[in-house]
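Student: start-v6.pdb is the file, holding PDB, C-alpha atoms and all ligand atoms:
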```pdb
ATOM      1  CA  MET A   1      19.063  48.647 -10.672
ATOM      2  CA  GLU A   2      18.446  52.312 -11.223
ATOM      3  CA  ILE A   3      19.535  53.963 -14.413
ATOM      4  CA  GLN A   4      19.575  57.656 -15.252
ATOM      5  CA  CYS A   5      20.547  60.341 -17.727
ATOM      6  CA  GLU A   6      23.744  62.264 -17.112
ATOM      7  CA  CYS A   7      22.086  65.107 -15.204
ATOM      8  CA  GLY A   8      19.811  62.757 -13.240
ATOM      9  CA  LYS A   9      16.461  64.279 -14.212
ATOM     10  CA  PHE A  10      15.433  61.119 -16.050
ATOM     11  CA  ARG A  11      15.503  58.044 -13.837
ATOM     12  CA  ALA A  12      14.162  54.531 -14.302
ATOM     13  CA  ARG A  13      14.254  51.234 -12.473
ATOM     14  CA  LEU A  14      15.056  47.881 -14.068
ATOM     15  CA  LYS A  15      13.016  45.608 -11.857
ATOM     16  CA  ALA A  16      14.697  42.274 -12.580
ATOM     17  CA  PHE A  17      18.292  43.358 -13.127
ATOM     18  CA  PRO A  18      20.748  41.624 -13.334
ATOM     19  CA  ASN A  19      18.330  38.801 -14.117
ATOM     20  CA  ASN A  20      16.690  38.829 -17.526
ATOM     21  CA  THR A  21      19.467  40.549 -19.395
ATOM     22  CA  PRO A  22      21.695  38.891 -21.991
ATOM     23  CA  GLY A  23      24.494  41.087 -20.621
ATOM     24  CA  ARG A  24      26.873  43.493 -22.292
ATOM     25  CA  LEU A  25      26.640  43.624 -26.094
ATOM     26  CA  VAL A  26      28.505  45.850 -28.519
ATOM     27  CA  CYS A  27      27.136  46.928 -31.901
ATOM     28  CA  TYR A  28      29.363  48.527 -34.517
ATOM     29  CA  CYS A  29      26.602  49.049 -37.101
ATOM     30  CA  ASP A  30      26.391  52.219 -39.167
ATOM     31  CA  ASP A  31      22.974  53.123 -37.721
ATOM     32  CA  CYS A  32      24.192  53.040 -34.129
ATOM     33  CA  GLN A  33      27.198  55.156 -35.118
ATOM     34  CA  SER A  34      25.050  57.587 -37.146
ATOM     35  CA  TYR A  35      22.714  58.032 -34.226
ATOM     36  CA  LEU A  36      25.462  59.080 -31.825
ATOM     37  CA  HIS A  37      26.903  61.405 -34.490
ATOM     38  CA  TYR A  38      23.422  62.884 -34.855
ATOM     39  CA  LEU A  39      23.278  63.544 -31.108
ATOM     40  CA  LYS A  40      26.865  64.817 -31.246
ATOM     41  CA  ARG A  41      27.715  62.206 -28.630
ATOM     42  CA  ASP A  42      30.615  60.548 -30.452
ATOM     43  CA  ASP A  43      32.316  60.587 -27.062
ATOM     44  CA  LEU A  44      30.137  57.603 -26.118
ATOM     45  CA  LEU A  45      31.408  55.428 -28.991
ATOM     46  CA  ASP A  46      34.318  53.134 -28.193
ATOM     47  CA  ALA A  47      37.646  53.310 -30.036
ATOM     48  CA  ASN A  48      36.202  51.204 -32.902
ATOM     49  CA  GLY A  49      32.931  53.111 -33.145
ATOM     50  CA  GLY A  50      31.019  50.575 -31.045
ATOM     51  CA  THR A  51      27.973  51.229 -28.899
ATOM     52  CA  GLU A  52      27.640  49.121 -25.747
ATOM     53  CA  ILE A  53      24.099  48.010 -24.969
ATOM     54  CA  ILE A  54      22.779  46.194 -21.903
ATOM     55  CA  PRO A  55      19.184  45.130 -22.708
ATOM     56  CA  ALA A  56      16.211  44.594 -20.417
ATOM     57  CA  TYR A  57      12.596  43.573 -21.029
ATOM     58  CA  PRO A  58      10.290  46.578 -21.626
ATOM     59  CA  ALA A  59       7.728  45.180 -19.141
ATOM     60  CA  GLU A  60      10.376  45.276 -16.421
ATOM     61  CA  VAL A  61      11.206  48.976 -16.861
ATOM     62  CA  GLU A  62       9.608  51.517 -14.565
ATOM     63  CA  ILE A  63      10.201  55.196 -15.268
ATOM     64  CA  LEU A  64      10.640  57.013 -11.955
ATOM     65  CA  SER A  65      11.059  60.598 -13.143
ATOM     66  CA  GLY A  66      11.796  62.830 -16.103
ATOM     67  CA  LEU A  67       9.433  61.296 -18.646
ATOM     68  CA  GLU A  68       8.891  64.831 -19.992
ATOM     69  CA  HIS A  69      12.563  65.058 -20.984
ATOM     70  CA  LEU A  70      12.447  62.132 -23.420
ATOM     71  CA  LYS A  71      12.962  62.711 -27.142
ATOM     72  CA  CYS A  72      12.612  60.068 -29.842
ATOM     73  CA  THR A  73      14.557  59.698 -33.092
ATOM     74  CA  GLN A  74      14.185  57.314 -36.014
ATOM     75  CA  LEU A  75      16.936  57.147 -38.610
ATOM     76  CA  SER A  76      14.323  56.068 -41.185
ATOM     77  CA  PRO A  77      10.513  55.680 -41.233
ATOM     78  CA  ASN A  78      10.658  52.026 -40.163
ATOM     79  CA  GLY A  79      13.715  52.453 -38.003
ATOM     80  CA  THR A  80      14.270  51.529 -34.399
ATOM     81  CA  PHE A  81      12.867  54.037 -31.924
ATOM     82  CA  ARG A  82      15.858  55.642 -30.223
ATOM     83  CA  PHE A  83      15.076  57.594 -27.075
ATOM     84  CA  SER A  84      17.367  60.244 -25.597
ATOM     85  CA  THR A  85      16.916  63.084 -23.125
ATOM     86  CA  ALA A  86      16.482  66.753 -23.950
ATOM     87  CA  CYS A  87      17.789  67.849 -20.534
ATOM     88  CA  CYS A  88      21.387  66.675 -21.000
ATOM     89  CA  ASN A  89      21.477  64.950 -24.399
ATOM     90  CA  THR A  90      21.976  61.425 -23.079
ATOM     91  CA  PRO A  91      21.023  58.517 -25.368
ATOM     92  CA  ILE A  92      18.932  56.202 -23.208
ATOM     93  CA  VAL A  93      17.408  53.260 -25.018
ATOM     94  CA  ASN A  94      16.803  51.716 -28.444
ATOM     95  CA  THR A  95      13.561  49.769 -28.754
ATOM     96  CA  ARG A  96      10.787  48.611 -31.104
ATOM     97  CA  PRO A  97       7.089  47.908 -30.553
ATOM     98  CA  LYS A  98       6.070  44.289 -29.869
ATOM     99  CA  VAL A  99       9.665  43.188 -29.365
ATOM    100  CA  PRO A 100      10.845  42.151 -25.882
ATOM    101  CA  TRP A 101      13.909  44.360 -26.170
ATOM    102  CA  ALA A 102      14.791  47.638 -24.468
ATOM    103  CA  GLY A 103      18.440  48.155 -25.352
ATOM    104  CA  PHE A 104      19.801  50.537 -22.742
ATOM    105  CA  LEU A 105      23.080  52.190 -23.562
ATOM    106  CA  ARG A 106      25.957  51.595 -21.202
ATOM    107  CA  CYS A 107      26.122  55.297 -20.256
ATOM    108  CA  VAL A 108      22.791  55.210 -18.383
ATOM    109  CA  TYR A 109      24.220  52.641 -15.967
ATOM    110  CA  LYS A 110      26.981  55.075 -15.015
ATOM    111  CA  ALA A 111      25.345  56.087 -11.748
ATOM    112  CA  ARG A 112      26.448  52.703 -10.541
ATOM    113  CA  ASP A 113      30.112  51.954 -10.048
ATOM    114  CA  ASP A 114      31.549  50.751 -13.352
ATOM    115  CA  HIS A 115      33.554  48.021 -11.678
ATOM    116  CA  GLN A 116      30.492  46.723  -9.821
ATOM    117  CA  LEU A 117      28.534  46.577 -13.067
ATOM    118  CA  ASP A 118      31.309  44.685 -14.825
ATOM    119  CA  GLN A 119      31.477  42.271 -11.888
ATOM    120  CA  ALA A 120      27.730  41.624 -12.054
ATOM    121  CA  LEU A 121      27.697  41.141 -15.819
ATOM    122  CA  GLY A 122      31.166  39.894 -16.699
ATOM    123  CA  PRO A 123      32.900  40.806 -19.938
ATOM    124  CA  VAL A 124      31.175  41.811 -23.181
ATOM    125  CA  ARG A 125      29.246  38.714 -24.294
ATOM    126  CA  SER A 126      28.946  39.465 -27.947
ATOM    127  CA  ARG A 127      29.996  41.977 -30.583
ATOM    128  CA  ILE A 128      28.238  42.356 -33.921
ATOM    129  CA  MET A 129      28.461  44.188 -37.265
ATOM    130  CA  GLY A 130      32.246  44.457 -37.286
ATOM    131  CA  ARG A 131      32.212  45.386 -40.996
ATOM    132  CA  TYR A 132      31.316  48.941 -39.954
ATOM    133  CA  ALA A 133      33.917  49.169 -37.183
ATOM    134  CA  LYS A 134      36.632  51.790 -37.312
ATOM    135  CA  GLY A 135      40.047  50.169 -37.403
ATOM    136  CA  THR A 136      40.218  46.570 -36.222
ATOM    137  CA  PRO A 137      37.594  45.535 -33.656
ATOM    138  CA  PRO A 138      38.487  42.966 -30.965
ATOM    139  CA  ALA A 139      39.357  39.481 -32.242
ATOM    140  CA  GLY A 140      36.332  37.309 -32.944
ATOM    141  CA  THR A 141      34.029  40.170 -33.968
ATOM    142  CA  PRO A 142      32.026  38.941 -36.979
ATOM    143  CA  GLU A 143      31.372  41.007 -40.112
ATOM    144  CA  LYS A 144      27.669  40.881 -39.272
ATOM    145  CA  PHE A 145      26.348  38.246 -36.863
ATOM    146  CA  ASN A 146      27.729  34.923 -35.714
ATOM    147  CA  LEU A 147      26.629  31.916 -33.708
ATOM    148  CA  LYS A 148      27.905  33.483 -30.500
ATOM    149  CA  ALA A 149      25.681  36.525 -31.007
ATOM    150  CA  PHE A 150      22.754  34.230 -31.760
ATOM    151  CA  VAL A 151      23.144  32.063 -28.659
ATOM    152  CA  THR A 152      23.684  35.144 -26.499
ATOM    153  CA  VAL A 153      20.532  36.931 -27.580
ATOM    154  CA  MET A 154      18.079  34.222 -28.724
ATOM    155  CA  PRO A 155      17.244  32.772 -25.265
ATOM    156  CA  PHE A 156      16.493  36.311 -24.046
ATOM    157  CA  MET A 157      14.231  36.985 -27.036
ATOM    158  CA  LEU A 158      12.424  33.633 -26.821
ATOM    159  CA  LYS A 159      11.818  33.898 -23.099
ATOM    160  CA  GLY A 160      10.617  37.471 -23.605
ATOM    161  CA  LYS A 161       8.175  36.323 -26.292
ATOM    162  CA  LEU A 162       6.869  33.414 -24.218
ATOM    163  CA  LEU A 163       6.421  35.518 -21.095
ATOM    164  CA  LYS A 164       5.028  38.459 -23.111
ATOM    165  CA  LYS A 165       7.608  40.873 -21.758
ATOM    166  CA  SER A 166       7.350  43.297 -24.679
ATOM    167  CA  ARG A 167       4.512  45.117 -23.011
ATOM    168  CA  PRO A 168       3.507  47.161 -21.237
ATOM    169  CA  SER A 169       6.461  49.249 -22.353
ATOM    170  CA  PRO A 170       6.926  52.663 -20.749
ATOM    171  CA  PHE A 171       8.142  53.919 -24.135
ATOM    172  CA  PHE A 172       4.914  53.144 -26.003
ATOM    173  CA  ALA A 173       1.297  54.116 -25.398
ATOM    174  CA  GLU A 174      -1.298  51.581 -24.256
ATOM    175  CA  ASP A 175      -1.776  50.369 -27.838
ATOM    176  CA  GLY A 176       1.784  49.073 -27.629
ATOM    177  CA  VAL A 177       2.860  50.667 -30.916
ATOM    178  CA  THR A 178       2.630  54.475 -30.585
ATOM    179  CA  PRO A 179       5.782  55.975 -29.082
ATOM    180  CA  ILE A 180       5.110  58.197 -26.052
ATOM    181  CA  VAL A 181       6.745  61.141 -27.821
ATOM    182  CA  ALA A 182       6.429  61.819 -31.535
ATOM    183  CA  PRO A 183       9.653  60.670 -33.193
ATOM    184  CA  GLN A 184      11.816  62.927 -35.295
ATOM    185  CA  ILE A 185      12.351  60.913 -38.478
ATOM    186  CA  LEU A 186      15.541  61.645 -40.403
ATOM    187  CA  ASN A 187      15.376  61.904 -44.174
ATOM    188  CA  GLU A 188      17.731  60.310 -46.697
ATOM    189  CA  ALA A 189      19.935  63.428 -46.988
ATOM    190  CA  GLN A 190      20.338  63.722 -43.232
ATOM    191  CA  ARG A 191      21.123  60.029 -42.991
ATOM    192  CA  GLN A 192      23.737  60.233 -45.738
ATOM    193  CA  ALA A 193      25.382  63.264 -44.122
ATOM    194  CA  LEU A 194      25.748  61.348 -40.863
ATOM    195  CA  ARG A 195      27.433  58.433 -42.612
ATOM    196  CA  GLN A 196      30.292  60.615 -43.896
TER
HETATM  197 ZN    ZN A 201      19.358  64.719 -18.076
HETATM  198 ZN    ZN A 202      23.665  48.882 -34.191
END
```
Here is the file; what I need is its structure written in the form of structure tokens.
Tutor:
Amino acid sequence: MEIQCECGKFRARLKAFPNNTPGRLVCYCDDCQSYLHYLKRDDLLDANGGTEIIPAYPAEVEILSGLEHLKCTQLSPNGTFRFSTACCNTPIVNTRPKVPWAGFLRCVYKARDDHQLDQALGPVRSRIMGRYAKGTPPAGTPEKFNLKAFVTVMPFMLKGKLLKKSRPSPFFAEDGVTPIVAPQILNEAQRQALRQ
């Protein structure tokens, strides 16, 4: 599977796809919403403010081109590292060091036919953090997490830990913890403004 930013300058390959992904997940949390507001990419949020993520293991991601276009944002000093592109302002992936999780946003899979992707992955497998959703999210969405979210994601995380799939990550230096581009870290005032 090849993924890319909207303009196509940044491209990467997910070597195992569609194996080793827990499938389509939707997060309604305030951080995910704030981040897309920050990028001024509200257009990528669904009707309830959800962000669709299709994760892969960092060790199975190969960047093919456009590394120089990557930007990194943290909503707080210990926040998730959220990478986007400077070329066309596409949010790409949310990830953390030492965690076997590269959460690619749905939009980077757009090069591929939407229908084909949905056929390969099936429907959304889990939705979380419904307390922050706008309006009423789809039935069954928990306030925070639920058992369904746990059983969807835990096997992926455990297998990733056992097989040491958190590194090498193309988003971190060889030490496994330093992001490849210095993150812009938002301060409290910026964060509050985005939550309005
Ligand atoms: Zn681009
Ligand atoms: Zn979230």
Student: So the first atom is atom CA of A:Thr90 and the second is atom CA of A:Cys5; what is the distance between them in Å, to one decimal place?
Tutor: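 Here the two named atoms are 5.6 Å from each other.
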Student: May I have the residues within 7 Å of ligand ZN 202 (chain A), computed using only C-alpha atoms and all ligand atoms, as a list in words?
Tutor: Cys27, Tyr28, Cys29, Asp30, Asp31 and Cys32 of chain A
Student: Extract, using only C-alpha atoms, all DNA, RNA and protein residues at most 9 Å from A:Trp101, discarding same-chain residues fewer than 3 positions from it, and format them as a list in words.
Tutor: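 Residues meeting the cut-off are Pro55, Ala56, Tyr57, Pro58, Asn94, Thr95, Arg96, Pro97, Lys98, Phe156, Met157, Gly160, Lys165 and Ser166 of chain A.
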Student: Hey, can you check how far atom CA of A:Pro168 sits from atom CA of A:Val61?
Tutor: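 Those two atoms sit 9.0 Å apart.
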Student: Applied to the shown file, which residues does the PyMOL selection byres (((chain A and resi 76-85) around 10) and not hetatm) return, written as a compact mmCIF listing (two decimals) with C-alpha atoms, in the frame of the given file?
Tutor:
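Final file, part.txt:
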```txt
# COMPACT_ATOMS: atom_id res chain seq x y z
CA GLN A 4 19.58 57.66 -15.25
CA CYS A 5 20.55 60.34 -17.73
CA GLU A 6 23.74 62.26 -17.11
CA CYS A 7 22.09 65.11 -15.20
CA LYS A 9 16.46 64.28 -14.21
CA PHE A 10 15.43 61.12 -16.05
CA ASP A 31 22.97 53.12 -37.72
CA CYS A 32 24.19 53.04 -34.13
CA TYR A 35 22.71 58.03 -34.23
CA LEU A 39 23.28 63.54 -31.11
CA GLY A 66 11.80 62.83 -16.10
CA LEU A 67 9.43 61.30 -18.65
CA GLU A 68 8.89 64.83 -19.99
CA HIS A 69 12.56 65.06 -20.98
CA LEU A 70 12.45 62.13 -23.42
CA LYS A 71 12.96 62.71 -27.14
CA CYS A 72 12.61 60.07 -29.84
CA THR A 73 14.56 59.70 -33.09
CA GLN A 74 14.18 57.31 -36.01
CA LEU A 75 16.94 57.15 -38.61
CA ALA A 86 16.48 66.75 -23.95
CA CYS A 87 17.79 67.85 -20.53
CA CYS A 88 21.39 66.68 -21.00
CA ASN A 89 21.48 64.95 -24.40
CA THR A 90 21.98 61.42 -23.08
CA PRO A 91 21.02 58.52 -25.37
CA ILE A 92 18.93 56.20 -23.21
CA VAL A 93 17.41 53.26 -25.02
CA ASN A 94 16.80 51.72 -28.44
CA THR A 95 13.56 49.77 -28.75
CA ARG A 96 10.79 48.61 -31.10
CA PRO A 97 7.09 47.91 -30.55
CA ALA A 102 14.79 47.64 -24.47
CA GLY A 103 18.44 48.16 -25.35
CA PHE A 104 19.80 50.54 -22.74
CA PHE A 171 8.14 53.92 -24.14
CA PHE A 172 4.91 53.14 -26.00
CA PRO A 179 5.78 55.98 -29.08
CA VAL A 181 6.74 61.14 -27.82
CA PRO A 183 9.65 60.67 -33.19
CA GLN A 184 11.82 62.93 -35.30
CA ILE A 185 12.35 60.91 -38.48
CA LEU A 186 15.54 61.64 -40.40
CA ASN A 187 15.38 61.90 -44.17
CA GLU A 188 17.73 60.31 -46.70
CA GLN A 190 20.34 63.72 -43.23
CA ARG A 191 21.12 60.03 -42.99
```
Student: Pick from A:Asp175, A:Ile63, A:Val108, A:Leu45: nearest to ligand ZN 201 (chain A), with all atoms listed in the file counted?
Tutor: A:Val108
Student: Find the residue from A:Ala47, A:Val177, A:Val26, A:Cys107 that sits nearest to ligand ZN 201 (chain A); use only C-alpha atoms and all ligand atoms when measuring.
Tutor: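 Nearest candidate to ligand ZN 201 (chain A) out of A:Ala47, A:Val177, A:Val26, A:Cys107: A:Cys107.
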Student: To one decimal place in Å, what is the distance between atom CA of A:Lys134 and atom CA of A:Gln33?
Tutor: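 Atom-to-atom, atom CA of A:Lys134 to atom CA of A:Gln33, that is 10.3 Å.
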Student: Write out as a list in words the residues lying within 8 Å of stretch 161-164 of chain A, counting all atoms listed in the file and excluding same-chain residues fewer than 3 positions away.
Tutor: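 Final neighbour list, sorted by chain and number: Val99, Pro100, Met157, Leu158 and Arg167 of chain A.
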Student: Please write as a JSON list (two decimals) with C-alpha atoms, keeping the file's coordinate frame the full residue list that the PyMOL selection byres (((chain A and resi 124) around 9) and not hetatm) yields on this file.
Tutor:
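Output file result-v1.json is given in full below:
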```
[["chain", "number", "residue", "atom", "x", "y", "z"],
["A", 23, "GLY", "CA", 24.49, 41.09, -20.62],
["A", 24, "ARG", "CA", 26.87, 43.49, -22.29],
["A", 25, "LEU", "CA", 26.64, 43.62, -26.09],
["A", 26, "VAL", "CA", 28.50, 45.85, -28.52],
["A", 52, "GLU", "CA", 27.64, 49.12, -25.75],
["A", 118, "ASP", "CA", 31.31, 44.68, -14.82],
["A", 121, "LEU", "CA", 27.70, 41.14, -15.82],
["A", 122, "GLY", "CA", 31.17, 39.89, -16.70],
["A", 123, "PRO", "CA", 32.90, 40.81, -19.94],
["A", 125, "ARG", "CA", 29.25, 38.71, -24.29],
["A", 126, "SER", "CA", 28.95, 39.47, -27.95],
["A", 127, "ARG", "CA", 30.00, 41.98, -30.58]]
```
Student: Would you mind telling me which residue in A:His115, A:Lys144, A:Arg106, A:Arg11 lies nearest to ligand ZN 201 (chain A) when using all atoms listed in the file?
Tutor: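 Selected residue with least distance to ligand ZN 201 (chain A): A:Arg11.
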Student: For a quick check of understanding, using all atoms listed in the file, which of A:Ser34, A:Asn146, A:Thr51, A:Ser65 has the smallest distance to ligand ZN 201 (chain A)?
Tutor: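 Nearest candidate to ligand ZN 201 (chain A) out of A:Ser34, A:Asn146, A:Thr51, A:Ser65: A:Ser65.
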Student: Rank nothing, just name the residue among A:Lys110, A:Lys159, A:Gly8, A:Phe17 nearest to ligand ZN 201 (chain A), using all atoms listed in the file.
Tutor: A:Gly8
